[in-house]
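*Asks:* Just one file: coords.txt, with compact mmCIF, C-alpha atoms.
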```txt
# COMPACT_ATOMS: atom_id res chain seq x y z
CA CYS L 177 30.48 3.78 -12.16
CA GLY L 178 34.17 3.03 -11.99
CA PRO L 179 36.06 0.55 -9.81
CA ASP L 180 36.44 3.15 -7.06
CA SER L 181 32.69 3.88 -6.87
CA SER L 182 31.18 3.98 -3.41
CA PRO L 183 28.25 1.71 -2.50
CA VAL L 184 25.97 4.77 -2.62
CA GLU L 185 26.98 5.45 -6.23
CA GLU L 186 26.64 1.79 -7.14
CA LEU L 187 23.15 1.71 -5.63
CA ALA L 188 22.16 4.81 -7.63
CA GLU L 189 23.37 3.03 -10.78
CA CYS L 190 21.15 0.05 -9.90
CA VAL L 191 18.12 2.30 -9.42
CA LEU L 192 18.63 3.98 -12.79
CA ALA L 193 18.97 0.57 -14.44
CA PHE L 194 15.76 -0.54 -12.72
CA ASN L 195 13.91 2.51 -14.05
CA ALA L 196 14.98 1.57 -17.58
CA LYS L 197 14.29 -2.16 -17.16
CA PRO L 198 13.42 -3.72 -13.77
CA LYS L 199 15.00 -7.10 -14.57
CA LYS L 200 18.26 -5.38 -15.43
CA GLY L 201 18.16 -3.35 -12.22
CA ILE L 202 17.52 -6.44 -10.08
CA ALA L 203 20.33 -8.30 -11.85
CA LEU L 204 22.67 -5.36 -11.20
CA LEU L 205 21.72 -5.34 -7.50
CA HIS L 206 22.73 -8.99 -7.39
CA GLU L 207 25.93 -8.35 -9.30
CA ARG L 208 26.90 -5.48 -6.99
CA GLY L 209 26.38 -7.64 -3.89
CA PHE L 210 23.23 -6.01 -2.52
CA LEU L 211 21.37 -9.33 -2.78
CA SER L 212 22.35 -12.79 -1.56
CA GLU L 213 24.84 -14.80 -3.54
CA GLY L 214 22.33 -17.53 -4.37
CA PHE L 215 19.62 -15.13 -5.57
CA ARG L 216 17.78 -16.23 -8.73
CA HIS L 217 15.44 -13.78 -10.41
CA LYS L 218 13.69 -16.30 -12.65
CA ASP L 219 12.37 -19.83 -12.10
CA ALA L 220 9.54 -20.70 -14.47
CA GLU L 221 8.72 -24.03 -12.80
CA ALA L 222 8.46 -22.49 -9.31
CA ASP L 223 6.35 -19.62 -10.70
CA LYS L 224 3.93 -22.13 -12.24
CA GLU L 225 3.66 -24.08 -8.97
CA PHE L 226 3.13 -20.83 -7.07
CA ALA L 227 0.36 -19.69 -9.43
CA ASP L 228 -1.41 -23.06 -9.07
CA TYR L 229 -1.16 -22.89 -5.27
CA LEU L 230 -2.56 -19.34 -5.19
CA ALA L 231 -5.49 -20.45 -7.35
CA VAL L 232 -6.34 -23.21 -4.83
CA VAL L 233 -6.07 -20.78 -1.90
CA GLN L 234 -8.27 -18.23 -3.66
CA LYS L 235 -10.90 -20.86 -4.48
CA HIS L 236 -11.05 -21.95 -0.82
CA GLY L 237 -11.19 -18.31 0.32
CA LYS L 238 -14.02 -17.52 -2.09
CA LYS L 239 -16.05 -20.47 -0.82
CA GLU L 240 -15.49 -19.40 2.79
CA TRP L 241 -16.33 -15.76 1.99
CA ASN L 242 -19.57 -16.72 0.23
CA ALA L 243 -20.74 -18.73 3.23
CA LYS L 244 -19.94 -15.92 5.69
CA PHE L 245 -21.56 -13.34 3.40
CA LYS L 246 -24.77 -15.36 3.19
CA ALA L 247 -24.86 -15.89 6.98
CA ARG L 248 -24.30 -12.19 7.75
CA LYS L 249 -26.88 -11.07 5.21
CA ASP L 250 -29.44 -13.50 6.60
CA ARG L 251 -28.73 -12.28 10.15
CA LYS L 252 -29.11 -8.67 9.02
CA LYS L 253 -32.50 -9.50 7.48
CA ARG L 254 -33.73 -11.16 10.69
CA ARG L 255 -32.38 -8.28 12.80
CA LYS L 256 -34.23 -5.78 10.62
CA ALA L 257 -37.47 -7.71 11.06
CA LEU L 258 -37.06 -7.63 14.86
CA MET L 259 -36.31 -3.89 14.83
CA GLU L 260 -39.45 -3.28 12.77
CA GLN L 261 -41.34 -4.91 15.65
CA GLY L 262 -39.99 -2.20 17.95
CA LEU L 263 -36.79 -3.73 19.34
CA SER L 264 -33.61 -1.70 19.53
CA TYR L 265 -30.53 -2.79 17.61
CA GLU L 266 -28.93 -4.09 20.83
CA ASP L 267 -32.08 -6.01 21.90
CA ALA L 268 -32.45 -7.51 18.43
CA GLU L 269 -28.82 -8.68 18.53
CA ALA L 270 -29.35 -10.18 21.98
CA LYS L 271 -32.45 -12.03 20.79
CA LEU L 272 -30.60 -13.44 17.80
CA GLY L 273 -27.80 -14.69 20.02
CA PRO L 274 -24.13 -15.06 19.04
CA PRO L 275 -23.38 -15.46 15.33
CA GLU L 276 -23.15 -19.01 14.04
CA GLN L 277 -19.61 -20.31 13.81
CA LEU L 278 -19.18 -21.74 10.33
CA GLU L 279 -16.81 -24.62 9.66
CA HIS L 280 -15.02 -24.51 6.33
CA GLY L 281 -12.16 -26.88 6.92
CA PRO L 282 -8.50 -25.87 7.17
CA ALA L 283 -7.02 -23.55 4.59
CA PRO L 284 -4.91 -25.28 1.91
CA GLN L 285 -1.29 -25.67 2.90
CA PRO L 286 1.56 -25.96 0.37
CA ASP L 287 3.63 -29.10 0.09
CA ALA L 288 6.78 -28.35 2.07
CA SER L 289 8.86 -30.20 -0.52
CA SER L 290 7.48 -28.25 -3.50
CA LYS L 291 9.84 -26.08 -5.48
CA HIS L 292 8.02 -22.80 -4.89
CA VAL L 293 8.11 -23.30 -1.10
CA ARG L 294 11.86 -23.88 -1.14
CA ARG L 295 12.33 -20.90 -3.44
CA GLY L 296 10.14 -18.76 -1.17
CA ARG L 297 12.47 -19.44 1.75
CA GLU L 298 15.48 -18.57 -0.42
CA LEU L 299 13.91 -15.32 -1.65
CA GLU L 300 12.54 -14.09 1.68
CA GLN L 301 15.42 -11.81 2.69
CA ASP L 302 16.08 -10.56 -0.83
CA ALA L 303 12.39 -9.74 -1.35
CA ARG L 304 12.46 -7.72 1.88
CA THR L 305 15.63 -5.92 0.77
CA ILE L 306 14.20 -4.99 -2.62
CA ALA L 307 10.86 -3.88 -1.13
CA ARG L 308 12.53 -1.59 1.39
CA LEU L 309 14.79 -0.20 -1.28
CA LEU L 310 11.76 0.63 -3.45
CA ARG L 311 10.33 2.53 -0.47
CA GLN L 312 13.53 4.22 0.64
CA SER L 313 15.05 5.73 -2.48
CA PRO L 314 13.44 8.84 -4.03
CA LEU L 315 15.12 8.08 -7.37
CA PHE L 316 12.76 5.32 -8.47
CA ASP L 317 10.30 5.94 -11.30
CA LEU L 318 6.95 5.46 -9.54
CA ALA L 319 5.23 4.14 -12.67
CA VAL L 320 7.89 1.45 -13.02
CA VAL L 321 7.56 0.57 -9.33
CA GLY L 322 3.78 0.17 -9.71
CA GLU L 323 4.10 -2.11 -12.74
CA PHE L 324 6.81 -4.18 -11.03
CA ILE L 325 5.08 -4.86 -7.71
CA ALA L 326 1.81 -5.68 -9.51
CA GLU L 327 3.27 -8.58 -11.48
CA PRO L 328 1.94 -12.07 -10.56
CA LYS L 329 5.24 -14.00 -10.38
CA GLN L 330 6.43 -15.33 -7.04
CA LEU L 331 9.26 -12.84 -6.55
CA ASN L 332 7.01 -9.88 -7.42
CA HIS L 333 4.29 -11.24 -5.14
CA MET L 334 6.72 -11.53 -2.23
CA ILE L 335 8.12 -8.04 -2.86
CA ARG L 336 4.58 -6.63 -2.99
CA GLU L 337 3.75 -8.24 0.36
CA GLU L 338 6.94 -6.88 1.94
CA PHE L 339 6.42 -3.47 0.31
CA VAL L 340 3.00 -2.92 1.85
CA LYS L 341 4.28 -4.10 5.25
CA THR L 342 6.61 -1.08 5.35
CA PHE L 343 3.58 1.19 5.88
CA ASN L 344 2.18 2.05 9.29
CA PHE L 345 -1.61 2.26 8.87
CA ARG L 346 -2.48 1.78 12.54
CA GLY L 347 -5.15 4.23 13.71
CA LEU L 348 -5.50 5.89 10.29
CA SER L 349 -8.81 6.30 8.52
CA ILE L 350 -9.21 4.09 5.46
CA ASP L 351 -9.00 7.04 3.04
CA ALA L 352 -5.90 8.52 4.72
CA ALA L 353 -4.17 5.12 4.65
CA LEU L 354 -5.07 4.62 0.99
CA ARG L 355 -3.71 8.07 0.09
CA MET L 356 -0.46 7.26 1.90
CA TYR L 357 -0.14 3.95 0.06
CA LEU L 358 -0.78 5.48 -3.36
CA GLU L 359 1.81 8.21 -2.73
CA ALA L 360 4.51 5.53 -2.97
CA PHE L 361 3.90 4.32 -6.54
CA ARG L 362 1.74 4.94 -9.58
CA LEU L 363 -1.23 2.59 -9.74
CA PRO L 364 -0.84 0.53 -12.96
CA PRO L 365 -3.60 0.63 -15.58
CA GLU L 366 -4.61 -3.02 -15.96
CA ALA L 367 -7.49 -4.38 -13.86
CA GLN L 368 -5.59 -7.43 -12.56
CA GLN L 369 -2.61 -5.27 -11.59
CA ILE L 370 -4.87 -2.86 -9.73
CA ASP L 371 -6.57 -5.79 -8.01
CA ARG L 372 -3.26 -7.19 -6.72
CA CYS L 373 -2.08 -3.82 -5.39
CA LEU L 374 -5.39 -3.02 -3.68
CA GLN L 375 -5.80 -6.52 -2.22
CA ALA L 376 -2.34 -6.31 -0.65
CA PHE L 377 -3.26 -2.93 0.84
CA ALA L 378 -6.63 -4.17 2.12
CA ASN L 379 -5.17 -7.24 3.84
CA THR L 380 -2.43 -5.20 5.53
CA PHE L 381 -4.80 -2.41 6.58
CA HIS L 382 -7.16 -4.93 8.16
CA SER L 383 -4.33 -6.76 9.93
CA GLN L 384 -3.24 -3.44 11.48
CA ASN L 385 -6.84 -2.29 12.17
CA PRO L 386 -8.70 -5.56 12.86
CA THR L 387 -11.82 -3.90 14.28
CA TYR L 388 -12.41 -1.90 11.09
CA MET L 389 -14.76 -4.08 9.02
CA ASN L 390 -15.02 -7.86 9.12
CA SER L 391 -12.16 -8.91 6.84
CA GLY L 392 -9.50 -7.85 4.38
CA ASP L 393 -11.92 -8.73 1.58
CA ALA L 394 -14.46 -6.30 3.01
CA VAL L 395 -11.81 -3.57 3.19
CA TYR L 396 -10.93 -4.33 -0.44
CA THR L 397 -14.59 -3.86 -1.47
CA LEU L 398 -14.74 -0.49 0.27
CA VAL L 399 -11.36 0.61 -1.13
CA PHE L 400 -12.47 -0.25 -4.65
CA SER L 401 -15.62 1.82 -4.09
CA LEU L 402 -13.42 4.78 -3.10
CA ILE L 403 -11.39 4.44 -6.30
CA MET L 404 -14.60 4.37 -8.34
CA LEU L 405 -16.03 7.31 -6.39
CA THR L 406 -12.90 9.38 -7.05
CA THR L 407 -13.17 8.64 -10.77
CA ASP L 408 -16.86 9.46 -10.83
CA LEU L 409 -16.65 12.74 -8.91
CA HIS L 410 -13.43 14.14 -10.35
CA ASN L 411 -13.30 12.92 -13.95
CA PRO L 412 -14.60 15.72 -16.20
CA LEU L 413 -15.70 13.12 -18.75
CA VAL L 414 -18.36 11.83 -16.31
CA PRO L 415 -21.30 14.22 -16.79
CA ARG L 416 -23.68 12.94 -14.11
CA LYS L 417 -21.96 12.67 -10.75
CA MET L 418 -22.85 10.07 -8.16
CA ASN L 419 -24.73 11.52 -5.19
CA LEU L 420 -24.46 10.39 -1.58
CA GLY L 421 -27.59 8.26 -1.73
CA GLN L 422 -26.31 6.40 -4.78
CA TYR L 423 -22.93 5.80 -3.15
CA ILE L 424 -24.55 4.38 -0.02
CA LEU L 425 -26.75 2.15 -2.19
CA ASN L 426 -23.72 0.94 -4.16
CA THR L 427 -21.89 -0.08 -0.97
CA ARG L 428 -24.78 -2.00 0.54
CA ASP L 429 -23.64 -5.28 2.15
CA ALA L 430 -20.01 -4.26 1.53
CA ASP L 431 -18.84 -5.44 4.95
CA ASP L 432 -19.07 -9.15 4.12
CA GLY L 433 -22.88 -8.98 4.12
CA ASP L 434 -23.17 -6.25 6.74
CA ASP L 435 -23.55 -2.57 5.91
CA VAL L 436 -20.77 -0.06 6.47
CA PRO L 437 -22.05 2.47 9.06
CA ARG L 438 -23.84 5.32 7.31
CA GLU L 439 -21.83 7.98 9.15
CA GLU L 440 -18.60 6.44 7.82
CA LEU L 441 -19.91 6.41 4.26
CA GLU L 442 -21.06 10.02 4.61
CA ARG L 443 -17.62 11.03 5.88
CA LEU L 444 -15.89 9.20 3.03
CA TYR L 445 -18.16 10.71 0.39
CA LEU L 446 -17.63 14.23 1.73
CA THR L 447 -13.86 13.74 1.99
CA ILE L 448 -13.50 12.35 -1.53
CA SER L 449 -15.76 15.03 -2.99
CA LYS L 450 -13.49 17.71 -1.56
CA ARG L 451 -10.19 16.03 -2.43
CA LYS L 452 -9.72 13.23 -4.92
CA ILE L 453 -7.51 10.24 -4.23
CA ALA L 454 -4.44 10.67 -6.44
CA MET L 455 -3.41 7.45 -8.16
CA SER L 456 -0.25 8.63 -9.91
CA GLY L 457 2.21 8.68 -7.02
CA ARG L 458 3.81 11.50 -5.09
CA ASP L 459 4.94 13.44 -8.19
CA SER L 460 1.46 13.80 -9.64
CA GLY L 461 0.10 16.65 -7.59
CA ASN L 462 1.08 20.15 -6.63
CA GLN L 463 0.99 19.75 -2.89
CA VAL L 464 2.77 17.84 -0.16
CA SER L 465 -0.01 15.87 1.49
CA LEU L 466 -0.26 15.19 5.20
CA GLU L 467 -0.24 11.48 4.39
CA LEU L 468 3.09 11.82 2.57
CA TRP L 469 4.59 13.73 5.52
CA LYS L 470 3.49 11.06 7.99
CA ASP L 471 4.95 8.40 5.76
CA ILE L 472 8.25 10.25 5.40
CA VAL L 473 8.63 10.42 9.18
CA HIS L 474 7.66 6.75 9.53
CA ARG L 475 10.22 5.71 6.91
CA SER L 476 12.94 7.81 8.52
CA ARG L 477 12.40 5.80 11.71
CA THR L 478 11.74 2.31 10.41
CA LEU L 479 13.58 1.98 7.11
CA ALA L 480 16.92 3.50 8.07
CA SER L 481 17.95 0.11 9.39
CA ALA L 482 17.08 -1.55 6.09
CA GLY L 483 20.65 -0.66 5.29
CA TYR L 484 21.16 -1.62 1.70
CA VAL L 485 24.01 0.84 1.88
CA ASP L 486 25.35 1.67 5.29
CA PRO L 487 26.53 5.24 4.85
CA ALA L 488 28.46 5.35 8.10
CA PRO L 489 31.84 4.23 6.68
CA HIS L 490 31.59 6.81 3.91
CA LEU L 491 30.66 9.81 6.05
CA GLY L 492 33.06 12.41 7.32
CA ALA L 493 33.39 12.83 11.05
CA LEU L 494 31.46 16.11 11.00
CA ASP L 495 28.67 15.14 8.57
CA ARG L 496 26.07 14.45 11.26
CA ASP L 497 26.93 17.64 13.12
CA ILE L 498 26.71 19.66 9.93
CA PHE L 499 23.35 18.12 9.06
CA ALA L 500 22.03 18.89 12.55
CA LEU L 501 22.93 22.56 11.98
CA VAL L 502 21.49 22.94 8.47
CA GLN L 503 18.40 20.76 8.72
CA LYS L 504 16.01 23.36 10.16
CA PRO L 505 17.21 26.26 7.96
CA MET L 506 16.83 24.05 4.89
CA LEU L 507 13.29 23.14 5.94
CA GLY L 508 12.58 26.82 6.44
CA VAL L 509 13.81 27.74 2.96
CA LEU L 510 11.80 24.95 1.34
CA SER L 511 8.69 25.98 3.26
CA VAL L 512 8.98 29.62 2.19
CA VAL L 513 9.51 28.73 -1.47
CA TYR L 514 6.64 26.25 -1.34
CA SER L 515 4.24 28.78 0.15
CA MET L 516 5.06 31.31 -2.59
CA ALA L 517 5.49 29.02 -5.59
CA LYS L 518 2.88 29.18 -8.33
CA GLN L 519 4.61 27.28 -11.14
CA GLU L 520 4.11 23.53 -10.99
CA HIS L 521 7.75 22.75 -11.87
CA VAL L 522 8.91 24.86 -8.90
CA VAL L 523 6.52 23.01 -6.58
CA ASN L 524 7.82 19.68 -7.89
CA LEU L 525 11.41 20.77 -7.21
CA VAL L 526 10.48 21.72 -3.64
CA GLU L 527 8.80 18.35 -3.13
CA ARG L 528 11.95 16.64 -4.37
CA GLY L 529 13.96 18.74 -1.91
CA TYR L 530 11.72 17.58 0.93
CA ARG L 531 12.15 13.92 -0.05
CA LEU L 532 15.93 14.22 -0.34
CA LEU L 533 16.04 15.94 3.04
CA ALA L 534 13.95 13.13 4.52
CA SER L 535 16.33 10.60 2.98
CA LEU L 536 19.26 12.36 4.64
CA ALA L 537 17.38 12.43 7.93
CA ALA L 538 16.86 8.66 7.71
CA ARG L 539 20.62 8.18 7.40
CA LEU L 540 21.99 10.95 9.57
CA GLY L 541 19.13 11.71 12.01
CA PRO L 542 17.32 13.19 13.76
CA SER L 543 13.81 13.41 12.26
CA ALA L 544 12.54 16.00 14.76
CA GLY L 545 12.62 18.73 12.12
CA LEU L 546 10.35 16.73 9.86
CA GLU L 547 7.96 16.01 12.71
CA ALA L 548 7.80 19.73 13.44
CA VAL L 549 6.63 20.40 9.89
CA VAL L 550 3.94 17.74 10.19
```
Can you turn what I pasted into structure tokens?
*Replies:*
Amino acid sequence: CGPDSSPVEELAECVLAFNAKPKKGIALLHERGFLSEGFRHKDAEADKEFADYLAVVQKHGKKEWNAKFKARKDRKKRRKALMEQGLSYEDAEAKLGPPEQLEHGPAPQPDASSKHVRRGRELEQDARTIARLLRQSPLFDLAVVGEFIAEPKQLNHMIREEFVKTFNFRGLSIDAALRMYLEAFRLPPEAQQIDRCLQAFANTFHSQNPTYMNSGDAVYTLVFSLIMLTTDLHNPLVPRKMNLGQYILNTRDADDGDDVPREELERLYLTISKRKIAMSGRDSGNQVSLELWKDIVHRSRTLASAGYVDPAPHLGALDRDIFALVQKPMLGVLSVVYSMAKQEHVVNLVERGYRLLASLAARLGPSAGLEAVV
């Protein structure tokens, strides 16, 4: 881009650089002024401190989880014995009394003077900016996004946490929320990368739906079972498919020592058997999913203010009026082509048209046309 390039063009240049090499793209964002002046992409000492702190936190969390798991499993065993004597579930619970409150001591807190804490404060706004940008622009390579947010370094960790916060999972079923999440990037191949991405999802889903299962760790266990179930049922290289009884057996005690309700497991098994969970991002399939539509509308409402590039100064006076006139006809054309398309490349082009239209709606408004399609 030349010296007279608009911020929109400069941002597109940054995205393309990111797709080629994320570090280069982040550096270009900084150079072009999209990130704070004091932004530093790399700090080996702070990354080492951060990794050590996370290890301590995880060790404490594992100890706490083990104690809660053992207590819940023991309570379940005693409840089962009472129910075998003829008591109802409610009467057995009443006889057992309230669950024991376990004391594990306070969670480890970082030293406020440590380098990674200071760096975390410095990176907070920039991490939020980058995360929202990764969610807002349809130009990003989803495989590159997945690899980037799954990295263990402090900046990547913070961006991953901010990235998952941009989703609205409230009131969604666990499988619908997971599909929405995995529309936004391609799940990387390595086990530790997958673990980081799914743990971030599980913690956020549980924070937004606190009555669904006992903890974020329990949600993670169930989510991982859904990934494995999808692979088992839909991979042609797996000759003997898992049946419902086997799936229920495999998820025993999954809710931190409690069992996930059978009706929920039956619903999940039936849903996954009919439609696999895609793990390759929004460009991998040949349909626009309901989860993607809901997410597009949510982003058009909540991410427009992220404002890495405020388009207002660069828009003509009539741009919003023109968009208001053409939005519905454009949706109509895309819908007709989509309903008739049989070639995968045509379907992919229509999907790209939908995403670009949603991006325009986020900047120019309104999103009513998109909601009508949903």
*Asks:* Could you list, as a PyMOL selection string, every residue within 10 Å of segment 413-424 of chain L, counting only C-alpha atoms and ignoring same-chain residues fewer than 4 positions away?
*Replies:* chain L and resi 401-402+404-405+407-409+428-430+435-438+441-442+444-446+449
*Asks:* Distance atom CA of Leu501 of chain L-atom CA of Val513 of chain L, one decimal place?
*Replies:*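 These two atoms are separated by 20.0 Å.
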*Asks:* Extract, using only C-alpha atoms, all DNA, RNA and protein residues at most 10 Å from Leu299 of chain L, discarding same-chain residues fewer than 3 positions from it, and format them as a list of chain:residue names.
*Replies:* L:Leu211, L:Ser212, L:Gly214, L:Phe215, L:Arg216, L:His217, L:Val293, L:Arg294, L:Arg295, L:Gly296, L:Asp302, L:Ala303, L:Arg304, L:Thr305, L:Gln330, L:Leu331, L:Met334, L:Ile335
*Asks:* Which residues come within 9 Å of Phe226 of chain L, counting all atoms listed in the file, excluding same-chain residues fewer than 3 positions away, as a PDB file with C-alpha atoms, keeping the file's coordinate frame?
*Replies:*
```pdb
ATOM      1  CA  GLU L 221       8.720 -24.030 -12.800  1.00  0.00           C
ATOM      2  CA  ALA L 222       8.460 -22.490  -9.310  1.00  0.00           C
ATOM      3  CA  ASP L 223       6.350 -19.620 -10.700  1.00  0.00           C
ATOM      4  CA  TYR L 229      -1.160 -22.890  -5.270  1.00  0.00           C
ATOM      5  CA  LEU L 230      -2.560 -19.340  -5.190  1.00  0.00           C
ATOM      6  CA  ALA L 231      -5.490 -20.450  -7.350  1.00  0.00           C
ATOM      7  CA  LYS L 291       9.840 -26.080  -5.480  1.00  0.00           C
ATOM      8  CA  HIS L 292       8.020 -22.800  -4.890  1.00  0.00           C
ATOM      9  CA  VAL L 293       8.110 -23.300  -1.100  1.00  0.00           C
ATOM     10  CA  LYS L 329       5.240 -14.000 -10.380  1.00  0.00           C
ATOM     11  CA  GLN L 330       6.430 -15.330  -7.040  1.00  0.00           C
TER      12      GLN L 330
END
```
*Asks:* Have a look at atom CA of Asn385 of chain L and atom CA of Ile350 of chain L and let me know their distance in Å, one decimal.
*Replies:*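 Separation of atom CA of Asn385 of chain L and atom CA of Ile350 of chain L: 9.6 Å.
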*Asks:* Please indicate the distance in Å from atom CA of His410 of chain L to atom CA of Lys450 of chain L, rounded to one decimal place.
*Replies:* 9.5 Å
*Asks:* Find the residues with any atom within 6 Å of (7.9, -0.5, 2.3); use only C-alpha atoms and the coordinates as given in the file, and write the answer as a PyMOL selection string.
*Replies:* chain L and resi 307-308+311+339-343
*Asks:* Quick one: of L:Asn195, L:Ser383, L:Ser182, L:Thr447, who's nearest to Asp317 of chain L, counting all atoms listed in the file?
*Replies:* L:Asn195
